[in-house]
>>> print(open('query08.tsv').read())   # TSV, C-alpha atoms and all ligand atoms
chain	number	residue	atom	x	y	z
A	145	MET	CA	-9.31	-10.35	-2.46
A	146	SER	CA	-11.68	-7.72	-1.10
A	147	ASN	CA	-15.03	-8.96	-2.51
A	148	GLY	CA	-16.18	-5.45	-3.26
A	149	LYS	CA	-15.88	-4.01	0.22
A	150	ILE	CA	-13.68	-1.12	1.18
A	151	ILE	CA	-10.51	-2.06	3.03
A	152	ILE	CA	-8.74	0.34	5.34
A	153	ALA	CA	-4.98	-0.15	5.48
A	154	PRO	CA	-3.38	1.98	8.21
A	155	SER	CA	0.21	2.84	7.37
A	156	LEU	CA	2.54	1.87	10.18
A	157	LEU	CA	4.91	4.67	9.16
A	158	SER	CA	2.89	7.16	11.21
A	159	ALA	CA	2.58	4.95	14.30
A	160	ASP	CA	4.39	5.46	17.58
A	161	PHE	CA	7.38	3.15	17.11
A	162	LYS	CA	8.06	2.66	20.79
A	163	ARG	CA	4.71	0.90	21.12
A	164	LEU	CA	4.15	-0.83	17.80
A	165	GLU	CA	2.33	-3.82	19.24
A	166	GLN	CA	-0.30	-1.66	20.95
A	167	GLU	CA	-0.69	0.56	17.88
A	168	ILE	CA	-1.31	-2.48	15.67
A	169	SER	CA	-3.73	-4.06	18.10
A	170	LEU	CA	-5.66	-0.80	18.32
A	171	VAL	CA	-6.21	-0.52	14.55
A	172	GLU	CA	-7.02	-4.22	14.28
A	173	LYS	CA	-9.73	-3.92	16.95
A	174	ALA	CA	-11.09	-0.80	15.24
A	175	GLY	CA	-11.82	-2.74	12.04
A	176	ALA	CA	-8.77	-2.26	9.83
A	177	GLU	CA	-8.16	-5.30	7.62
A	178	TRP	CA	-4.70	-4.64	6.22
A	179	LEU	CA	-1.55	-3.15	7.71
A	180	HIS	CA	0.40	-1.09	5.18
A	181	LEU	CA	4.16	-1.46	5.64
A	182	ASP	CA	6.21	1.28	3.99
A	183	ILE	CA	9.64	-0.09	3.17
A	184	MET	CA	12.13	2.60	2.14
A	185	ASP	CA	15.79	2.10	1.26
A	186	GLY	CA	17.15	5.65	1.41
A	187	HIS	CA	17.89	5.38	-2.30
A	188	PHE	CA	14.68	5.00	-4.29
A	189	VAL	CA	13.27	7.55	-1.85
A	190	PRO	CA	15.16	9.90	0.49
A	191	ASN	CA	14.10	8.11	3.65
A	192	LEU	CA	14.84	4.85	5.47
A	193	THR	CA	12.32	2.77	7.37
A	194	ILE	CA	12.13	-0.83	8.49
A	195	GLY	CA	13.69	-4.06	7.33
A	196	PRO	CA	12.43	-7.65	7.33
A	197	SER	CA	13.47	-8.32	10.93
A	198	VAL	CA	10.98	-5.76	12.25
A	199	VAL	CA	8.24	-7.29	10.10
A	200	ALA	CA	9.10	-10.75	11.44
A	201	PHE	CA	8.80	-9.50	15.03
A	202	LEU	CA	5.39	-7.98	14.29
A	203	ARG	CA	4.00	-10.99	12.42
A	204	PRO	CA	2.86	-13.03	15.45
A	205	ALA	CA	1.32	-9.94	17.08
A	206	THR	CA	-1.62	-9.64	14.69
A	207	LYS	CA	-3.88	-11.30	12.15
A	208	LEU	CA	-3.91	-8.19	9.92
A	209	PHE	CA	-2.97	-8.77	6.27
A	210	PHE	CA	0.58	-7.46	5.82
A	211	ASP	CA	0.67	-5.24	2.74
A	212	ALA	CA	4.30	-4.36	2.00
A	213	HIS	CA	4.94	-1.32	-0.18
A	214	LEU	CA	8.54	-1.54	-1.36
A	215	MET	CA	9.97	1.89	-2.13
A	216	VAL	CA	13.35	0.39	-2.96
A	217	THR	CA	15.64	0.49	-5.97
A	218	ASP	CA	16.14	-3.27	-5.92
A	219	PRO	CA	12.85	-5.09	-5.20
A	220	GLU	CA	14.30	-8.25	-6.79
A	221	LYS	CA	16.63	-8.43	-3.82
A	222	TYR	CA	14.15	-7.55	-1.08
A	223	ALA	CA	10.87	-9.19	-2.09
A	224	GLN	CA	11.82	-12.62	-0.75
A	225	PRO	CA	13.11	-11.52	2.68
A	226	PHE	CA	9.90	-9.58	3.27
A	227	VAL	CA	7.68	-12.50	2.26
A	228	GLU	CA	9.69	-14.78	4.52
A	229	ALA	CA	9.20	-12.24	7.32
A	230	GLY	CA	5.43	-12.44	6.88
A	231	ALA	CA	4.39	-9.97	4.19
A	232	GLN	CA	1.34	-11.34	2.34
A	233	SER	CA	1.45	-8.85	-0.48
A	234	ILE	CA	4.42	-7.20	-2.12
A	235	SER	CA	3.95	-4.03	-4.16
A	236	PHE	CA	6.92	-2.73	-6.08
A	237	HIS	CA	7.31	0.40	-8.18
A	238	VAL	CA	7.26	0.25	-11.98
A	239	GLU	CA	9.78	3.11	-11.83
A	240	ALA	CA	12.25	0.73	-10.12
A	241	VAL	CA	11.89	-2.33	-12.36
A	242	ASN	CA	12.22	-2.15	-16.11
A	243	GLY	CA	9.99	-3.96	-18.62
A	244	ALA	CA	11.87	-7.22	-19.11
A	245	LYS	CA	12.39	-7.78	-15.39
A	246	THR	CA	8.77	-7.22	-14.44
A	247	LYS	CA	7.32	-10.61	-15.32
A	248	PRO	CA	10.06	-12.67	-13.62
A	249	LEU	CA	9.62	-10.64	-10.43
A	250	ILE	CA	5.82	-11.03	-10.50
A	251	ASP	CA	6.26	-14.78	-10.96
A	252	LYS	CA	8.86	-15.00	-8.22
A	253	ILE	CA	6.64	-13.26	-5.65
A	254	HIS	CA	3.66	-15.42	-6.61
A	255	ALA	CA	5.80	-18.53	-6.30
A	256	LEU	CA	6.72	-17.44	-2.77
A	257	GLY	CA	3.00	-17.42	-1.99
A	258	ALA	CA	2.33	-13.67	-1.79
A	259	LYS	CA	0.07	-11.32	-3.74
A	260	VAL	CA	1.71	-8.93	-6.17
A	261	GLY	CA	1.04	-5.25	-6.62
A	262	LEU	CA	2.45	-2.76	-9.08
A	263	THR	CA	2.86	0.79	-7.81
A	264	ILE	CA	2.89	4.01	-9.81
A	265	ASN	CA	4.09	7.42	-8.73
A	266	PRO	CA	1.86	10.48	-9.29
A	267	ASP	CA	3.66	11.37	-12.52
A	268	THR	CA	3.75	7.84	-13.97
A	269	PRO	CA	1.03	7.13	-16.55
A	270	ALA	CA	-1.54	4.40	-15.89
A	271	GLU	CA	-0.52	2.79	-19.21
A	272	GLN	CA	2.59	1.47	-17.45
A	273	VAL	CA	0.56	-1.05	-15.46
A	274	LYS	CA	-1.94	-1.93	-18.19
A	275	PRO	CA	0.04	-4.81	-19.76
A	276	TRP	CA	0.37	-6.50	-16.36
A	277	LEU	CA	-3.20	-6.28	-15.05
A	278	SER	CA	-3.99	-9.92	-15.79
A	279	GLU	CA	-0.77	-11.05	-14.05
A	280	ILE	CA	-1.04	-9.10	-10.79
A	281	ASP	CA	-3.39	-8.80	-7.82
A	282	LEU	CA	-3.45	-5.07	-7.23
A	283	VAL	CA	-2.34	-1.68	-8.40
A	284	LEU	CA	-1.15	0.83	-5.83
A	285	VAL	CA	-1.71	4.37	-7.06
A	286	MET	CA	0.40	6.94	-5.21
A	287	SER	CA	-1.46	10.13	-4.38
A	288	VAL	CA	1.73	11.78	-3.04
A	289	PHE	CA	5.35	11.39	-4.11
A	290	PRO	CA	6.66	8.54	-1.96
A	291	GLY	CA	9.11	9.08	0.87
A	292	PHE	CA	7.22	10.68	3.71
A	293	ALA	CA	3.94	10.52	5.58
A	294	GLY	CA	1.82	13.60	6.14
A	295	GLN	CA	1.86	15.05	2.62
A	296	LYS	CA	-1.05	16.60	0.79
A	297	PHE	CA	-3.33	14.42	-1.34
A	298	MET	CA	-3.00	14.97	-5.11
A	299	PRO	CA	-6.53	14.73	-6.60
A	300	GLU	CA	-5.14	14.71	-10.15
A	301	VAL	CA	-4.19	11.02	-9.75
A	302	LEU	CA	-7.87	10.04	-9.53
A	303	SER	CA	-8.24	10.02	-13.30
A	304	LYS	CA	-5.68	7.17	-13.32
A	305	VAL	CA	-7.71	5.29	-10.70
A	306	ARG	CA	-10.80	5.65	-12.92
A	307	GLN	CA	-8.86	4.45	-15.95
A	308	ILE	CA	-7.38	1.42	-14.19
A	309	ARG	CA	-10.77	0.47	-12.73
A	310	GLN	CA	-12.22	0.56	-16.22
A	311	TRP	CA	-9.45	-1.69	-17.58
A	312	ALA	CA	-9.32	-4.09	-14.64
A	313	GLY	CA	-13.03	-4.55	-13.91
A	314	PRO	CA	-14.82	-4.68	-10.57
A	315	ASP	CA	-13.01	-7.61	-8.93
A	316	PHE	CA	-9.54	-6.13	-8.86
A	317	ASP	CA	-7.88	-4.32	-5.97
A	318	ILE	CA	-6.92	-0.70	-6.52
A	319	GLU	CA	-5.15	0.83	-3.56
A	320	ILE	CA	-4.67	4.54	-3.05
A	321	ASP	CA	-1.82	5.80	-0.88
A	322	GLY	CA	-0.89	9.25	0.36
A	323	GLY	CA	-2.68	12.10	2.08
A	324	ILE	CA	-5.99	10.28	2.55
A	325	THR	CA	-8.34	11.88	5.09
A	326	THR	CA	-12.06	11.91	5.81
A	327	ALA	CA	-12.23	14.92	3.45
A	328	ASN	CA	-11.04	13.04	0.33
A	329	VAL	CA	-11.61	9.31	0.96
A	330	ARG	CA	-15.02	9.47	-0.70
A	331	GLU	CA	-13.71	10.87	-3.97
A	332	ALA	CA	-10.95	8.23	-4.00
A	333	VAL	CA	-13.50	5.44	-3.56
A	334	ASP	CA	-15.89	6.99	-6.08
A	335	ALA	CA	-13.02	7.02	-8.59
A	336	GLY	CA	-12.63	3.26	-8.08
A	337	ALA	CA	-10.17	2.70	-5.23
A	338	ASN	CA	-11.21	-0.08	-2.83
A	339	VAL	CA	-8.14	-0.24	-0.59
A	340	VAL	CA	-7.41	2.95	1.29
A	341	VAL	CA	-4.06	3.60	2.97
A	342	ALA	CA	-4.06	6.15	5.77
A	343	GLY	CA	-1.10	6.98	7.97
A	344	THR	CA	-1.36	10.42	9.50
A	345	ALA	CA	-5.17	10.42	9.42
A	346	VAL	CA	-5.24	7.31	11.61
A	347	PHE	CA	-2.18	7.21	13.86
A	348	ARG	CA	-1.93	10.95	14.46
A	349	ALA	CA	-5.65	11.33	15.17
A	350	ALA	CA	-6.71	12.07	18.74
A	351	ASP	CA	-8.72	8.83	18.58
A	352	PRO	CA	-7.25	6.43	15.96
A	353	ALA	CA	-10.03	3.86	16.40
A	354	GLU	CA	-12.68	6.49	15.75
A	355	ALA	CA	-10.64	7.74	12.75
A	356	ILE	CA	-10.83	4.25	11.19
A	357	ARG	CA	-14.56	3.97	11.85
A	358	GLN	CA	-15.10	7.39	10.27
A	359	LEU	CA	-13.03	6.56	7.19
A	360	LYS	CA	-15.06	3.37	6.77
A	361	ARG	CA	-18.36	5.18	7.20
A	362	ILE	CA	-17.51	7.91	4.72
A	363	ALA	CA	-15.92	5.54	2.19
A	401	LIG	C1	4.47	7.54	1.39
A	401	LIG	C2	3.94	6.23	1.88
A	401	LIG	C3	2.53	6.31	2.41
A	401	LIG	C4	2.37	7.30	3.53
A	401	LIG	C5	0.97	7.35	4.02
A	401	LIG	O1	5.75	7.37	0.93
A	401	LIG	O2	3.94	5.29	0.85
A	401	LIG	O3	2.06	5.04	2.75
A	401	LIG	O4	3.21	7.01	4.59
A	401	LIG	O5	0.91	8.32	5.03
A	401	LIG	P1	-0.13	9.52	4.95
A	401	LIG	O6	-1.49	8.89	5.03
A	401	LIG	O7	0.21	10.35	6.14
A	401	LIG	O8	0.09	10.23	3.66
A	402	ZN	ZN	2.85	3.36	1.18
>>> encode(input="query08.tsv", output="structure tokens")
Amino acid sequence: MSNGKIIIAPSLLSADFKRLEQEISLVEKAGAEWLHLDIMDGHFVPNLTIGPSVVAFLRPATKLFFDAHLMVTDPEKYAQPFVEAGAQSISFHVEAVNGAKTKPLIDKIHALGAKVGLTINPDTPAEQVKPWLSEIDLVLVMSVFPGFAGQKFMPEVLSKVRQIRQWAGPDFDIEIDGGITTANVREAVDAGANVVVAGTAVFRAADPAEAIRQLKRIA
């Protein structure tokens, strides 16, 4: 998907929601490639965000790749509505879907025409994604506990990034999400991440476009 280059995926969660179209256009012009959409159900995590109808409204406003991160208890129910709304990748949590249901959900999302990611929380071992690496398109490694933007990066997850990179080889997307700033993006990339989510560090920066350029430079 990424052909070896580093992809910056601003997380819309930290944007100014009264001007979403301008916020998206700003990060697109600044060189972001993906838009990270944090979908929370108030159950899997103690926070609620956006549903498919918001995604559908945003779809025609941009060419950015829509990277949906489902922090929901029931991704089987929500994957399809988000793909139909325009999400091009669906990442769901291994903590939400048990072993036997994993493969059917991967196949379902692929059949809908989207990429599939498996997501692991900071305290979930990398071994949980290992059996699925040949079936999926990306692994999303959480570097904070999901639920809120603006938390502190947990460097201890980088050993999992290294491990997954070793298992998956160079042509696989490993995305890191949570607390990324110009101070830690380099260590995340050195560990093997090639897709970098940044919410606060981009949308709450004095100059979001410059923040993206800096993240790219340092990464
Ligand atoms: C956390 C979300 C992240 C987060 C990123 O639950 O999955 O995408 O919003 O925001 P920052 O970069 O502020 O940690
Ligand atoms: Zn996220």
>>> residues_around(input="query08.tsv", residues="segment 261-268 of chain A", least_positions_apart="4", cutoff="6 Å", atoms="all atoms listed in the file", output="list in words")
Ile234, Ser235, Phe236, His237, Asp281, Leu282, Val283, Leu284, Val285, Met286 and Ser287 of chain A
>>> residues_near_ligand(input="query08.tsv", ligand="ligand LIG 401 (chain A)", cutoff="6 Å", atoms="all atoms listed in the file", output="list in words")
Ser155, Leu157, Asp182, Pro290, Gly291, Phe292, Ala293, Gly294, Gln295, Asp321, Gly322, Gly323, Ile324, Ala342, Gly343, Thr344 and Ala345 of chain A
>>> atom_distance(input="query08.tsv", atom1="atom CA of Phe161 of chain A", atom2="atom CA of Ala229 of chain A")
18.3 Å
>>> residues_around(input="query08.tsv", residues="Val198 of chain A", least_positions_apart="2", cutoff="12 Å", atoms="only C-alpha atoms", output="ChimeraX atom specification")
/A:156,161,164-165,181-183,193-196,200-205,225-226,228-231
>>> closest_residue(input="query08.tsv", among="A:Gln310, A:Ser233, A:Thr217, A:Thr246", to="Asp185 of chain A", atoms="only C-alpha atoms")
A:Thr217
>>> closest_residue(input="query08.tsv", among="A:Val288, A:Leu359, A:Val260, A:Val241", to="Val346 of chain A", atoms="all atoms listed in the file")
A:Leu359
>>> closest_residue(input="query08.tsv", among="A:Asp211, A:Asp334, A:Glu167, A:Asp317", to="ligand ZN 402 (chain A)", atoms="all atoms listed in the file")
A:Asp211
>>> atom_distance(input="query08.tsv", atom1="atom CA of Ala337 of chain A", atom2="atom CA of Glu354 of chain A")
21.5 Å
>>> closest_residue(input="query08.tsv", among="A:Arg163, A:Ile151, A:Val301, A:Ala174", to="Ile356 of chain A", atoms="only C-alpha atoms")
A:Ala174
>>> closest_residue(input="query08.tsv", among="A:Phe289, A:Trp276, A:Phe347, A:Phe316", to="ligand ZN 402 (chain A)", atoms="all atoms listed in the file")
A:Phe289
>>> closest_residue(input="query08.tsv", among="A:Pro190, A:Lys247, A:Pro154, A:Ala159", to="Phe210 of chain A", atoms="all atoms listed in the file")
A:Pro154
>>> atom_distance(input="query08.tsv", atom1="atom CA of Gln232 of chain A", atom2="atom CA of Gly175 of chain A")
18.5 Å
>>> residues_around(input="query08.tsv", residues="Ala363 of chain A", least_positions_apart="5", cutoff="9 Å", atoms="all atoms listed in the file", output="ChimeraX atom specification")
/A:150,326,329-334,338,340,358
>>> axis_aligned_box(input="query08.tsv", around="segment 162-172 of chain A", padding_each_side="4 Å", output="lines of an AutoDock Vina configuration file")
center_x = 0.5
center_y = -0.8
center_z = 17.7
size_x = 23.1
size_y = 14.9
size_z = 14.8
>>> residues_near_point(input="query08.tsv", point="(-11.1, 5.5, -13.3)", cutoff="10 Å", atoms="all atoms listed in the file", output="mmCIF file with C-alpha atoms, in the coordinates of the input")
data_model
loop_
_atom_site.group_PDB
_atom_site.id
_atom_site.type_symbol
_atom_site.label_atom_id
_atom_site.label_comp_id
_atom_site.auth_asym_id
_atom_site.auth_seq_id
_atom_site.Cartn_x
_atom_site.Cartn_y
_atom_site.Cartn_z
ATOM 1 C CA ALA A 270 -1.540 4.400 -15.890
ATOM 2 C CA VAL A 301 -4.190 11.020 -9.750
ATOM 3 C CA LEU A 302 -7.870 10.040 -9.530
ATOM 4 C CA SER A 303 -8.240 10.020 -13.300
ATOM 5 C CA LYS A 304 -5.680 7.170 -13.320
ATOM 6 C CA VAL A 305 -7.710 5.290 -10.700
ATOM 7 C CA ARG A 306 -10.800 5.650 -12.920
ATOM 8 C CA GLN A 307 -8.860 4.450 -15.950
ATOM 9 C CA ILE A 308 -7.380 1.420 -14.190
ATOM 10 C CA ARG A 309 -10.770 0.470 -12.730
ATOM 11 C CA GLN A 310 -12.220 0.560 -16.220
ATOM 12 C CA TRP A 311 -9.450 -1.690 -17.580
ATOM 13 C CA ALA A 312 -9.320 -4.090 -14.640
ATOM 14 C CA ALA A 332 -10.950 8.230 -4.000
ATOM 15 C CA ASP A 334 -15.890 6.990 -6.080
ATOM 16 C CA ALA A 335 -13.020 7.020 -8.590
ATOM 17 C CA GLY A 336 -12.630 3.260 -8.080
ATOM 18 C CA ALA A 337 -10.170 2.700 -5.230
#
